[in-house]
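Participant: Quick one: the structure is below, and I'll ask about it shortly.
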Amino acid sequence: MGIHINGIGVVGGFGAGVAELISCLEKGTINLKESPSGSPGDYASSVYLACTACLENFVQKRALRRIDHFSQMALLGAYLALQDAGSPSLTEKRTGLVVCSGYGASQTTFSFLDSIINDGDACASPTMFSNSVHNSAAGHISISLKLDGPCLTVSQFEMSVPSALLSACMWLNEHRVDQVLFGAVDEYCDVLGYCWQRFFGEGNSGSMTPLSQDRQSAIPGEGSAFFLLSKDRSPSGYGVIADVDMGRLDDKGISPSEDTIFIVGADGHKCCDRLYDDFMPPGAEAACYSPIYGSLPIGTAFDMAIAALSIRERRIFASPETVSDQAKYMIIKEASRIAPTSITCLKLARDSGFGTITLANG
Amino acid sequence: MKQNAPVAITGIGCLSAAGMSLKDNMASLFAGKRHVAPPERFFSSHPVSYPVFEINEDPPPERNKDENFTRTCRLGLAATNEALLDAGLESQGMTGLKAGVCVGTTVGSTMNNEEFYRDYRRGMHPDMTIIETFLKGNPAAVIARELGLSGPCQTVVNACSSGTDAIGIGASWIRSGICDIVIAGGADELCRVTYNGFISLMISDDSPCRPFDRDRKGLNLGEGAGMLILESDNFIRKRKKPPRAFVLGYGSGCDGYHLTAPHPDGKGLKNALAYAIKESGKTINDIAFINTHGTATKDNDRTEVRVLREMLPDILFLSTKGYTGHTLGAAGAIEAAFTIACLETGMIPANAGFITPDPELGASPVTLNTHISKKIAISDSLAFGGHNAALVLGIERC
């Protein structure tokens with residue numbers, strides 16, 4: 001496959017940009033109470049909320065007035081990825097845009113329903129409607145960056161990231177484009193929090209303890225992670241995407257290279273976290289970083305960013321202290337200065353779906 | 001397969017207000033029948049009734065009777081079953097193959113259930129099975145799960161170009177070798193929320209839509225699904241199934257201009273068409289006709305004809321939305337199915353709803369059922385977000 005990662009932009013409860021992500025990885029925790037966006041909402045005890053204030057460094061405040069939080073998170077991720085890549089030209093090269101999301105612009109979707117319920121069918125808000133479609137984030141990014149190449153938005157719940165990345169890599173491999181701005185975004189809203197409460201109980205006011213077999217500890221998160229990808233080697237040092245795979249575990253197992261280190265996408269949902277015990281290769285080494293970014297469908301994109309940072313920094317970050325070590329495989333609990341040759345991000349879903357993204361030195 | 005190799009289509013399934021199968025749809029199109037009426041499945045308090053193209057028959061029941069699927073998924077499964085039957089593929093025979101699913105949708109991926117949300121707002125205890133049905137209702141995942149497929153799975157949500165994009169992406173999966181078979185297409189149901197959304201944008205017509213007509217006032221929504229079975233050459237050789245048609249080229253381009261209005265010069269559409277034609281290795285002289293997006297909104301039709309006059313002058317064009325309504329994420333797939341059926345029969349239907357030429361457009365669609373002799377055609381789509389996509393389809397490999 002050999003797709004190079006030239007730049008990364010991340011936004012989440014940990015902050016904005018790779019430096020803030022690294023800082024939280026080194027600390028092994030983030031303080032949710034310091035979340036700059038304020039109230040976590042009525043239904044969740046804690047939420048990993050993302051702040052997009054620094055988007056004003058890239059886009060005029062006036063232009064942001066009609067862009068909702070969902071698309072602002074995506075825009076900020078996109079601009080940070082381009083900045084991290086050295087602000088390359090987007091017009092001299094054929095640039096594709098691939099965005100994915102598990103739930104889309106949730107808050108705006110419900111705000112549009114509010115306009116119908118409050119004021120009647122004839123007073124539905126056209127602005128809310130046009131911003132509620134799943135590809136609104138891609139639309140805003142293409143407008144802001146003046147992109148005119150191929151564009152794709154994918155929604156596949158927890159498998160959104162591997163599914164969309166597959167197409168992004170394919171566009172590069174078939175030379176449809178020279179570079180792809182690839183990203184993932186999901187937002188928290190009160191209705192989502194309510195659904196969590198109904199499905200999982202009163203919520204977790206403590207810490208996420210992924211991989212503990214008997215505790216539902218997921219805390220909702222939101223944010224975006226964007227990557228500038230190309231076939232050209234870059235000085236970024238983030239390595240290459242060596243493989244992307246997805247499918248169903250009942251038909252084919254995962255078959256990683258023997259020396260790969262795993263980042264498992266366990267995020268405190270005990271029904272899914274248990275699956276990793278069943279399908280991880282025995283003796284494998286794995287880290288888990290969801291306590292840094294929370295539980296959200298596109299969490300794999302943050303794992304991919306952390307994998308790329310590990311390759312660049314030639315070190316493995318320790319899993320946060322709260323990650324359970326009850327797993328049947330080895331959980332990496334201490335940071336090490338071992339340069340990884342290969343890192344596989346693994347996501348398992350309740351419906352037996354799996355997705356893997358393997359990064360390698362390149 | 002070579003990078004630009006034609007990708008074989010061995011089966012087609014399609015349902016819309018014009019019919020419950022591709023054959024029924026084509027019969028309606030060539031007979032000029034339009035099944036358009038005020039919505040029956042939901043209520044609206046608009047003082048004016050905006051007609052829709054609604055499927056009045058229930059989609060066939062799903063295979064797994066224990067699952068409660070969304071209407072979008074049921075439509076998608078019905079089109080898939082027709083396509084598999086057409087391709088001579090039994091579902092059991094697909095287990096173990098590298099078989100992927102790529103489906104476009106809009107409503108099918110949106111958590112906007114009004115009943116649930118009204119109860120939530122009232123502080124009641126809304127029925128969570130609605131949310132569970134949504135969470136189990138990702139259209140591509142449902143089709144993969146129902147058929148026991150193990151390959152890649154992708155729900156494309158590029159708004160109204162989703163069905164076209166899904167077929168183009170599915171073709172890439174075949175060419176790259178990651179799949180032997182791909183079920184590719186689109187599915188979408190009529191929905192009160194979307195109905196209100198399009199009316200709020202003032203791009204819905206309160207009478208049957210009139211694509212490309214001088215007096216057009218906007219679109220009518222519709223619902224349906226279209227699915228194509230794409231196969232690799234190796235797999236076709238093994239099972240000795242003659243292809244029905246080919247995906248020859250696919251292009252995509254964004255306008256980077258406005259969230260709901262197309263670029264006045266059709267920047268993204270031009271890029272999409274140019275790439276699709278280049279990938280096909282064909283010239284405009286090979287093209288029999290263009291099955292346009294043709295929604296009947298002022299902006300869409302103006303932009304689309306401007307681009308066609310510039311890039312594909314004097315080539316016959318039509319919109320089939322006068323027969324199906326705008327089926328959103330399904331539209332591109334249904335129209336790809338129609339395009340292939342037209343190439344096979346050597347005829348294209350009259351553009352329903354068109355009466356008066358629009359001098360501003362400077363070109364008109366076909367007004368009668370018209371014979372064609374060439375073997376290649378284009379189907380294109382324009383979408384919210386400024387997305388555009390085009391497919392070059394043919395019934396001969398070269």
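Within each chain, counting starts at residue 1; across the structure tokens, chains are named A, B, ... in the order shown, with ligands numbered 1 upward in that order.
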Neighbours of Ala74 of chain A within 12 Å (only C-alpha atoms; same-chain residues fewer than 2 positions away dropped), as a VMD selection string?
Facilitator: chain A and resid 9 to 12 16 50 to 52 55 67 to 72 76 to 81 97 to 101 104 to 105 135 to 142 144 181 to 187 222 to 227
Participant: Set the cut-off to 6 Å and count only C-alpha atoms: what are the residues of chain B that reach chain A? Output as a list in words.
Facilitator: Ser45, His46, Ser150, Gly151, Pro152, Gln154, Thr155, Val156, Val157, Asn158, Gly197, Ser200, Leu201, Ser252, Gly253, Cys254, Asp255, Gly256, Tyr257, Leu259, Gly268 and Gly385 of chain B
Participant: Could those selected residues go to a file with N, CA, C and O atoms, as a tab-separated table (two decimals), in the first residue's frame?
Facilitator:
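File selection-v4.tsv, as written:
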chain	number	residue	atom	x	y	z
B	45	SER	N	-48.30	19.49	7.66
B	45	SER	CA	-49.21	20.60	7.93
B	45	SER	C	-48.99	21.77	6.97
B	45	SER	O	-49.50	22.86	7.20
B	46	HIS	N	-48.23	21.54	5.91
B	46	HIS	CA	-48.04	22.62	4.94
B	46	HIS	C	-49.38	23.00	4.32
B	46	HIS	O	-50.20	22.12	4.00
B	150	SER	N	-18.19	-11.11	3.88
B	150	SER	CA	-17.08	-10.84	4.78
B	150	SER	C	-16.13	-9.76	4.27
B	150	SER	O	-15.13	-9.47	4.91
B	151	GLY	N	-16.42	-9.16	3.16
B	151	GLY	CA	-15.49	-8.18	2.58
B	151	GLY	C	-15.73	-6.77	3.11
B	151	GLY	O	-16.46	-6.58	4.08
B	152	PRO	N	-15.13	-5.78	2.45
B	152	PRO	CA	-15.30	-4.41	2.89
B	152	PRO	C	-16.75	-3.94	2.79
B	152	PRO	O	-17.52	-4.44	1.98
B	154	GLN	N	-19.19	-0.37	3.06
B	154	GLN	CA	-19.12	1.09	3.09
B	154	GLN	C	-20.48	1.70	2.76
B	154	GLN	O	-21.07	1.39	1.74
B	155	THR	N	-20.94	2.57	3.66
B	155	THR	CA	-22.14	3.36	3.37
B	155	THR	C	-21.69	4.76	3.00
B	155	THR	O	-21.10	5.48	3.82
B	156	VAL	N	-21.95	5.11	1.75
B	156	VAL	CA	-21.53	6.41	1.22
B	156	VAL	C	-22.63	7.42	1.51
B	156	VAL	O	-23.80	7.18	1.21
B	157	VAL	N	-22.25	8.53	2.12
B	157	VAL	CA	-23.25	9.56	2.46
B	157	VAL	C	-22.87	10.89	1.81
B	157	VAL	O	-22.72	11.91	2.47
B	158	ASN	N	-22.73	10.85	0.50
B	158	ASN	CA	-22.41	12.04	-0.28
B	158	ASN	C	-23.69	12.74	-0.73
B	158	ASN	O	-23.75	13.26	-1.85
B	197	GLY	N	-37.46	19.54	4.95
B	197	GLY	CA	-36.19	20.21	4.67
B	197	GLY	C	-36.13	20.77	3.26
B	197	GLY	O	-35.74	21.93	3.05
B	200	SER	N	-38.36	23.68	2.93
B	200	SER	CA	-37.81	24.88	3.58
B	200	SER	C	-36.79	25.59	2.69
B	200	SER	O	-36.62	26.80	2.78
B	201	LEU	N	-36.14	24.83	1.85
B	201	LEU	CA	-35.15	25.44	0.94
B	201	LEU	C	-35.82	26.04	-0.30
B	201	LEU	O	-35.14	26.60	-1.16
B	252	SER	N	-15.34	12.03	-9.86
B	252	SER	CA	-15.95	12.77	-8.75
B	252	SER	C	-15.26	14.11	-8.64
B	252	SER	O	-14.05	14.21	-8.87
B	253	GLY	N	-16.01	15.13	-8.29
B	253	GLY	CA	-15.38	16.45	-8.11
B	253	GLY	C	-16.25	17.34	-7.26
B	253	GLY	O	-17.48	17.24	-7.31
B	254	CYS	N	-15.62	18.16	-6.44
B	254	CYS	CA	-16.44	19.06	-5.62
B	254	CYS	C	-16.30	20.49	-6.12
B	254	CYS	O	-15.29	20.87	-6.72
B	255	ASP	N	-17.34	21.27	-5.86
B	255	ASP	CA	-17.39	22.65	-6.34
B	255	ASP	C	-16.55	23.58	-5.47
B	255	ASP	O	-16.02	24.58	-5.96
B	256	GLY	N	-16.51	23.32	-4.16
B	256	GLY	CA	-15.86	24.25	-3.25
B	256	GLY	C	-16.50	25.62	-3.32
B	256	GLY	O	-15.82	26.65	-3.28
B	257	TYR	N	-17.81	25.64	-3.39
B	257	TYR	CA	-18.50	26.90	-3.67
B	257	TYR	C	-19.61	27.19	-2.66
B	257	TYR	O	-19.63	28.25	-2.04
B	259	LEU	N	-22.93	25.30	0.03
B	259	LEU	CA	-23.41	24.05	0.63
B	259	LEU	C	-24.60	23.45	-0.12
B	259	LEU	O	-24.75	22.23	-0.18
B	268	GLY	N	-17.16	21.52	-10.40
B	268	GLY	CA	-16.97	20.15	-9.92
B	268	GLY	C	-17.56	19.11	-10.88
B	268	GLY	O	-16.98	18.04	-11.07
B	385	GLY	N	-23.50	20.01	-0.59
B	385	GLY	CA	-22.09	19.97	-0.24
B	385	GLY	C	-21.23	20.30	-1.43
B	385	GLY	O	-20.02	20.40	-1.33
Participant: Give me, as an NGL selection string, all polymer residues having an atom no more than 12 Å from Gly222 of chain B, counting only C-alpha atoms and skipping those fewer than 4 positions away in the same chain.
Facilitator: :B and (15-18 or 34-39 or 50-56 or 107 or 160 or 187-192 or 194-195 or 204 or 208-209 or 295 or 320-331 or 334)
Participant: Given only C-alpha atoms as the basis, pick out the residue of A:Leu165, A:Ala19, A:Cys271, A:Met1 nearest to Ile298 of chain A.
Facilitator: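 Comparing A:Leu165, A:Ala19, A:Cys271, A:Met1 against Ile298 of chain A, the winner is A:Leu165.
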Participant: Could you work out how far atom CA of Pro264 of chain B lies from atom CA of Pro211 of chain B, giving the answer in Å with one decimal?
Facilitator: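 According to the coordinates, atom CA of Pro211 of chain B and atom CA of Pro264 of chain B are separated by 17.7 Å.
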Participant: Just checking: using only C-alpha atoms, which residue out of A:Ile316, A:Ala327, A:Ile3, A:Leu25 ends up closest to Gln179 of chain A?
Facilitator: A:Ile3
